[in-house]
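S.K.: Take this structure, written in structure tokens, and hold onto it; I'll ask about it next.
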Amino acid sequence: MTNKHTLEKRGIRWNEYFIRSGLGLCTLSSVVTTGVIIYILVKESLDFFTEVPLMDFLFGTQWVPLFEPSSYGVLPLLWGTLVITVGAAFIALPVGLASAVYISEYASPKVRTIVKPLLELLAGIPTVVYGYFALTFVTPLLRSVFPGFNVFNALSGAIVVGIMILPTVATLSDNALRAVPDTLRQGAYALGATSFEVTTQVVVPTGLSGIMASFLLAISRAVGETMAVTLAAGATPSLSLSMQESIQTITAYIVQVSLGDTPAGGIAYKTIFAVAGLLFVITLALNTLSQWILSRYQAEYD
Amino acid sequence: MPNSENTNLKKTGLYKDNIQTRRRIAALFQYFCALVTWTGVFLLALLLYQVSVDGIQWLDMQFLSSFPSRFPYKAGIKSALVGTFWLITLIAIISIPVGVATALYLHEFSRKGRIHKLIQLNISNLAGVPSIVYGIIGLTIFVRGLALERSLISGALTMSLLILPVIIIASREAIQAVPMSTRHAAFALGATRWQTAWAHVLPTAFPGILTGVILALSRAIGETAPLIMIGALTYVAFLPEGPMDSFTALPIQIFNWVSRPQEEFHELAAGAIIVLLAVLLIMNATAIYIRHKTEQKLK
Amino acid sequence: MNPQTTPEASDSENPISIPENSVLDLQKVSISYSGNPAVNGVSFPIAEHKITSIIGPSGCGKSTLLRSLNRMNDFVDGVTLDGQILYMGQDLYGNDIDPVALRRRIGMVFQKPNPFPKSIYKNVAWGPSINGYIGSMDELVEQSLVQAALWEEVKDRLHESALGLSGGQQQRLCIARALAMSPDILLMDEPCSALDPISTAHIEDLLFELKSNYTIVIVTHNMQQASRASDYTAFLELGNLIEFGTTRQIFTVPQQKRTEEYVTGRFG
């Protein structure tokens, strides 16, 4: 026995060590996941690009991978994705921001506690349900107003995707607006400003980074959205400008291949890795930009 | 003399008198924002109404207890419902421990350096990867690579990858919300990090973690694209008995029925959507209730 | 210098010094937050081109009272006000009074500096520009910054973000921002509580200079500040006006025991 005033020497606490390692291993799984995603997409895409030149893929205007003579120009799929995304953004960004302004600046606390969960609920509805909504409600409505519309059309897809990403914009922008310190609003009101001036010239500019981040995140969702566009917009890769016609997005194409009987290993099968890689890069860029904006401007005010 | 009072309060001199116009703009803007918001809520109501009107007539015990069929009046969602429950149980078993452990490690154990930051960044990026990409990964790794075929376990592993980042982020937020003073109090009594985390951090963060987990699982229930990718079957006239069995799930069944041209199948889809939304609503309501309860306690 | 002091015939028994020219008259003002009274039947005048300070222990309702003077309490749910606040004889809370237009004439500086996250120039110019100012904006901005004793420090970086200024500079910017509207009355809610002693001295010097052109009402719980800077002082406790008079009177010959105890620092 040593003197009771002697401090214990440092040693390894084994159970602490094992627990720590176990938890660390779990953490590693997320890193591994990223590694695997990138590895698979890159490896299979490289395979694909040994057979199809990268330039033909990126700038070709014909996407006919499943039939002879085949052609692997991805532009029509990109165009389809772009049409849906821009259309959806056109609806969701202004409407979502206006809703955020209403919830954060105008609604009474009571209304707020009702509307915010409702919007979150709207965000939780599975995308396949939005697909149903598009096919059984939006499309028939469009066709009864404009008889020229195809059963599968870009506009219907864009509308439901817009409705789908609206809650994302609204709730995240609301958070951004609510983070604007109240003292700024009071400062502005004390100068004789109206609520409109306070909101548009002080509150929204101050929360702009959060709002932009929410926009980018919502756009990224729209780009990656699959079921609603597969059901609503159809499976016709095209560079058409018309919102009445069927188009095909990157995601819808992947679904089409997986539903068909394309044999694994063939070039047609490998196309899904190439287009998925493209999708991954686009959404990653949007998300990274969104995070960058947030971290860059977050510390500006407190 | 209200009028003279008004004139008296009017600023003269270098200012234009524009207050009336400005007030009108402000009022219009307010109405506009309110209108837009309530339109969104109205759309939600419309969507739910539409689905209910279409699907309610098919909702009966026979619908819940029959297998899918070529004949609409014979078809049901028994295998889909059972498949969904199997799936969600497996997902919960896989993703909750890993997700919470990760969040705990990141906040309580890891050194907050460059690597820590990179891992955080990596996780938030994973949360933004489209679900269909996870489907492709699941197809390549689990279905083909590990030869798990189109089984429940393939589906559950794929979905777990998908919702892990969501669980990690939600758990991390809940763990972060535990006051530092709690940890310091435990450390000062000679507790190790794990003892502190297990006895103080986790119990305090539990409601927050639970809310996040429920919301993540409810997302998994509705996800369709990854299941289609890994090839969950649409026609399954038997019930899975173990994780290695093939399966179908509610969203797959819905997708299958919606993509058929016949009106009756659309109505069947609506019926299945009602069931799916009911499950989701219960889960969401539970999450909101827990959150509300905790917020009140904190006050 | 000292206005005459005459006993006031009112429900309060203590003699009250009445300033000759008042721009604001508080008459039995009571304010409550959803039923909970914060200010009870307070009456006193605000003298033109003088500094009136409102003192009292924290929670006594002094900030609430100050905020009622330009209707900033309108933004707090459940606030009700009884009694009258007369601005040149007109009730501030009259049905036909526009609170937005009112705030052009009665400006406010807040407890913590709250510059907008915009450039220094825009911070000053924003109020006049939304209110339809048609004179030369550059001149107005310069003049306001000069008045707020900030011009020399910022004239070379007018278009840089106001958030880059120090706390004391930010607060002077907020004063300049309020002055740019050339208000009749300037309300200041503990403007120095978030500042260091040097910045505080700066702002107190500023108060003296502004006095000739503006009527100032300042809430403070800094006794020295009140006694140094103000002409009149109102002492509030638990929502009640305990005493109102010239600052000298309040600090040298207070009529009420509570006032004496407070100003000599025995509680608060």
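Following the order of the structure tokens, first chain is A, next is B, and so on, with residues numbered from 1 inside each chain and ligands from 1 in the order they appear.
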Please find the residues of chain A near chain C - the criterion being any atom within 8 Å, counting only C-alpha atoms - and write them as an MDAnalysis selection string.
M.R.: chainID A and resid 183:184 186:194 197 202 206 300:301
S.K.: Taking only C-alpha atoms into account and nothing else, which residues of chain B lie no more than 6 Å away from chain A? Please answer as a PDB file with C-alpha atoms, in the first residue's frame.
M.R.:
```
ATOM      1  CA  ALA B  26     -47.147  47.111 -46.094  1.00  0.00           C
ATOM      2  CA  CYS B  33     -47.694  36.501 -47.523  1.00  0.00           C
ATOM      3  CA  ALA B  34     -50.665  35.228 -45.536  1.00  0.00           C
ATOM      4  CA  THR B  37     -48.982  30.451 -46.819  1.00  0.00           C
ATOM      5  CA  VAL B  98     -24.798   3.085 -35.243  1.00  0.00           C
ATOM      6  CA  ALA B 101     -22.981   5.906 -31.352  1.00  0.00           C
ATOM      7  CA  THR B 102     -21.550   8.091 -34.093  1.00  0.00           C
ATOM      8  CA  TYR B 105     -18.407   9.703 -30.421  1.00  0.00           C
ATOM      9  CA  PRO B 130     -30.249  11.619 -53.577  1.00  0.00           C
ATOM     10  CA  GLY B 222     -42.031   6.427 -47.423  1.00  0.00           C
ATOM     11  CA  MET B 229     -33.390  -0.016 -57.332  1.00  0.00           C
TER      12      MET B 229
END
```
S.K.: Could you find all residues in stretch 42-163 of chain A that DSSP calls strand (DSSP E or B) from the backbone, and write them as a ChimeraX atom specification?
M.R.: /A:63-64,71-72
S.K.: When you get a sec, could you note down which chain C residues fall within 7 Å of chain B, using only C-alpha atoms, as JSON, numbers by chain?
M.R.: {"C": [90, 96, 97, 101, 131, 132, 133, 134, 135]}
S.K.: Can you spit out the residues from that selection as a PDB file, in the first residue's frame, using N, CA and C atoms?
M.R.:
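Final output, part.pdb:
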```pdb
ATOM      1  N   GLN C  90     -51.531  66.464 -28.173  1.00  0.00           N
ATOM      2  CA  GLN C  90     -52.263  65.406 -28.874  1.00  0.00           C
ATOM      3  C   GLN C  90     -51.948  64.053 -28.248  1.00  0.00           C
ATOM      4  N   ASP C  96     -56.565  58.107 -34.404  1.00  0.00           N
ATOM      5  CA  ASP C  96     -56.180  58.522 -35.743  1.00  0.00           C
ATOM      6  C   ASP C  96     -54.686  58.806 -35.848  1.00  0.00           C
ATOM      7  N   ILE C  97     -53.945  58.459 -34.807  1.00  0.00           N
ATOM      8  CA  ILE C  97     -52.509  58.727 -34.861  1.00  0.00           C
ATOM      9  C   ILE C  97     -51.792  57.538 -35.492  1.00  0.00           C
ATOM     10  N   ALA C 101     -45.641  57.046 -38.519  1.00  0.00           N
ATOM     11  CA  ALA C 101     -45.252  58.431 -38.755  1.00  0.00           C
ATOM     12  C   ALA C 101     -44.752  59.064 -37.463  1.00  0.00           C
ATOM     13  N   ASN C 131     -38.383  57.203 -45.588  1.00  0.00           N
ATOM     14  CA  ASN C 131     -39.395  58.191 -45.257  1.00  0.00           C
ATOM     15  C   ASN C 131     -39.517  59.287 -46.324  1.00  0.00           C
ATOM     16  N   GLY C 132     -38.855  59.086 -47.461  1.00  0.00           N
ATOM     17  CA  GLY C 132     -39.020  60.003 -48.573  1.00  0.00           C
ATOM     18  C   GLY C 132     -38.256  61.302 -48.426  1.00  0.00           C
ATOM     19  N   TYR C 133     -37.045  61.245 -47.888  1.00  0.00           N
ATOM     20  CA  TYR C 133     -36.235  62.450 -47.755  1.00  0.00           C
ATOM     21  C   TYR C 133     -35.822  62.939 -49.126  1.00  0.00           C
ATOM     22  N   ILE C 134     -35.980  64.263 -49.380  1.00  0.00           N
ATOM     23  CA  ILE C 134     -35.680  64.738 -50.720  1.00  0.00           C
ATOM     24  C   ILE C 134     -34.493  65.681 -50.767  1.00  0.00           C
ATOM     25  N   GLY C 135     -33.854  65.921 -49.611  1.00  0.00           N
ATOM     26  CA  GLY C 135     -32.668  66.778 -49.619  1.00  0.00           C
ATOM     27  C   GLY C 135     -31.432  65.991 -50.023  1.00  0.00           C
TER      28      GLY C 135
END
```
S.K.: Could you work out how far atom CA of B:Arg291 lies from atom CA of B:Thr204, giving the answer in Å with one decimal?
M.R.: 12.9 Å
S.K.: Quick one: pick out all alpha helix (DSSP H) residues within stretch 208-298 of chain A from a backbone DSSP run and write them as JSON, numbers by chain.
M.R.: {"A": [208, 209, 210, 211, 212, 213, 214, 215, 216, 217, 218, 219, 220, 221, 222, 223, 224, 227, 228, 229, 230, 231, 232, 233, 250, 251, 252, 253, 254, 255, 256, 257, 258, 259, 267, 268, 269, 270, 271, 272, 273, 274, 275, 276, 277, 278, 279, 280, 281, 282, 283, 284, 285, 286, 287, 288, 289, 290, 291, 292, 293, 294, 295, 296, 297]}
S.K.: Env of B:Tyr134: 9 Å cut, atoms = only C-alpha atoms, seq-sep filter 3 positions within chain, self excluded. Answer as a PyMOL selection string.
M.R.: (chain A and resi 37) or (chain B and resi 129-131+137-139+158-159+161-162+225-226+229)
S.K.: Write a file of the selected residues as a PDB file, in the first residue's frame, keeping N, CA and C atoms.
M.R.:
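out_34.pdb was written with the following content:
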```
ATOM      1  N   ILE A  37     -19.503   4.911 -51.945  1.00  0.00           N
ATOM      2  CA  ILE A  37     -20.310   5.586 -52.971  1.00  0.00           C
ATOM      3  C   ILE A  37     -19.395   6.108 -54.084  1.00  0.00           C
TER       4      ILE A  37
ATOM      5  N   VAL B 129     -27.213  13.356 -50.391  1.00  0.00           N
ATOM      6  CA  VAL B 129     -27.107  12.485 -51.562  1.00  0.00           C
ATOM      7  C   VAL B 129     -28.504  11.968 -51.925  1.00  0.00           C
ATOM      8  N   PRO B 130     -28.903  12.065 -53.190  1.00  0.00           N
ATOM      9  CA  PRO B 130     -30.249  11.619 -53.577  1.00  0.00           C
ATOM     10  C   PRO B 130     -30.467  10.146 -53.229  1.00  0.00           C
ATOM     11  N   SER B 131     -31.696   9.818 -52.854  1.00  0.00           N
ATOM     12  CA  SER B 131     -31.977   8.459 -52.389  1.00  0.00           C
ATOM     13  C   SER B 131     -31.702   7.425 -53.469  1.00  0.00           C
ATOM     14  N   ILE B 137     -26.080   2.023 -54.896  1.00  0.00           N
ATOM     15  CA  ILE B 137     -25.030   1.468 -54.035  1.00  0.00           C
ATOM     16  C   ILE B 137     -25.526   0.170 -53.394  1.00  0.00           C
ATOM     17  N   GLY B 138     -26.777   0.203 -52.903  1.00  0.00           N
ATOM     18  CA  GLY B 138     -27.354  -0.992 -52.286  1.00  0.00           C
ATOM     19  C   GLY B 138     -27.402  -2.145 -53.267  1.00  0.00           C
ATOM     20  N   LEU B 139     -27.788  -1.834 -54.489  1.00  0.00           N
ATOM     21  CA  LEU B 139     -27.863  -2.852 -55.536  1.00  0.00           C
ATOM     22  C   LEU B 139     -26.482  -3.460 -55.778  1.00  0.00           C
ATOM     23  N   THR B 158     -29.685  -0.949 -47.180  1.00  0.00           N
ATOM     24  CA  THR B 158     -29.681   0.204 -48.077  1.00  0.00           C
ATOM     25  C   THR B 158     -30.351   1.414 -47.421  1.00  0.00           C
ATOM     26  N   MET B 159     -31.537   1.171 -46.872  1.00  0.00           N
ATOM     27  CA  MET B 159     -32.279   2.262 -46.232  1.00  0.00           C
ATOM     28  C   MET B 159     -31.527   2.804 -45.023  1.00  0.00           C
ATOM     29  N   LEU B 161     -28.289   3.018 -44.656  1.00  0.00           N
ATOM     30  CA  LEU B 161     -27.282   3.953 -45.168  1.00  0.00           C
ATOM     31  C   LEU B 161     -27.926   5.304 -45.421  1.00  0.00           C
ATOM     32  N   LEU B 162     -29.135   5.247 -45.998  1.00  0.00           N
ATOM     33  CA  LEU B 162     -29.823   6.475 -46.378  1.00  0.00           C
ATOM     34  C   LEU B 162     -30.189   7.334 -45.176  1.00  0.00           C
ATOM     35  N   ALA B 225     -37.690   4.984 -54.107  1.00  0.00           N
ATOM     36  CA  ALA B 225     -36.670   4.803 -55.145  1.00  0.00           C
ATOM     37  C   ALA B 225     -35.604   3.762 -54.788  1.00  0.00           C
ATOM     38  N   PRO B 226     -35.015   3.791 -53.581  1.00  0.00           N
ATOM     39  CA  PRO B 226     -33.966   2.805 -53.292  1.00  0.00           C
ATOM     40  C   PRO B 226     -34.498   1.383 -53.335  1.00  0.00           C
ATOM     41  N   MET B 229     -34.727   0.277 -56.820  1.00  0.00           N
ATOM     42  CA  MET B 229     -33.390  -0.016 -57.332  1.00  0.00           C
ATOM     43  C   MET B 229     -32.911  -1.411 -56.923  1.00  0.00           C
TER      44      MET B 229
END
```
S.K.: May I ask for the distance between atom CA of B:Arg172 and atom CA of B:Leu104, given in Å to one decimal place?
M.R.: 7.1 Å
S.K.: Quick one: residues within 12 Å of stretch 282-289 of chain B, only C-alpha atoms, excluding same-chain residues fewer than 4 positions away - as number ranges by chain?
M.R.: A: 113-114, 116-118, 120-125; B: 207-222, 275-278, 293-296
S.K.: Would you list the contacts of B:Ile153 as number ranges by chain, taking every protein, DNA or RNA residue within 8 Å and counting only C-alpha atoms, but skipping same-chain residues closer than 6 positions in sequence?
M.R.: B: 87, 90, 243-244
S.K.: Do a neighbour search on C:Leu86 at 6 Å with only C-alpha atoms, toss out local chain neighbours closer than 5 positions, and write the hits as a list in words.
M.R.: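 My list of contacting residues is Leu24, Asp25, Asp91 and Leu92 of chain C.
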S.K.: Could those selected residues go to a file with C-alpha atoms, as a PDB file, in the first residue's frame?
M.R.:
```
ATOM      1  CA  LEU C  24     -44.590  65.317 -23.798  1.00  0.00           C
ATOM      2  CA  ASP C  25     -47.028  65.051 -20.951  1.00  0.00           C
ATOM      3  CA  ASP C  91     -52.793  61.946 -27.504  1.00  0.00           C
ATOM      4  CA  LEU C  92     -50.079  59.626 -28.838  1.00  0.00           C
TER       5      LEU C  92
END
```
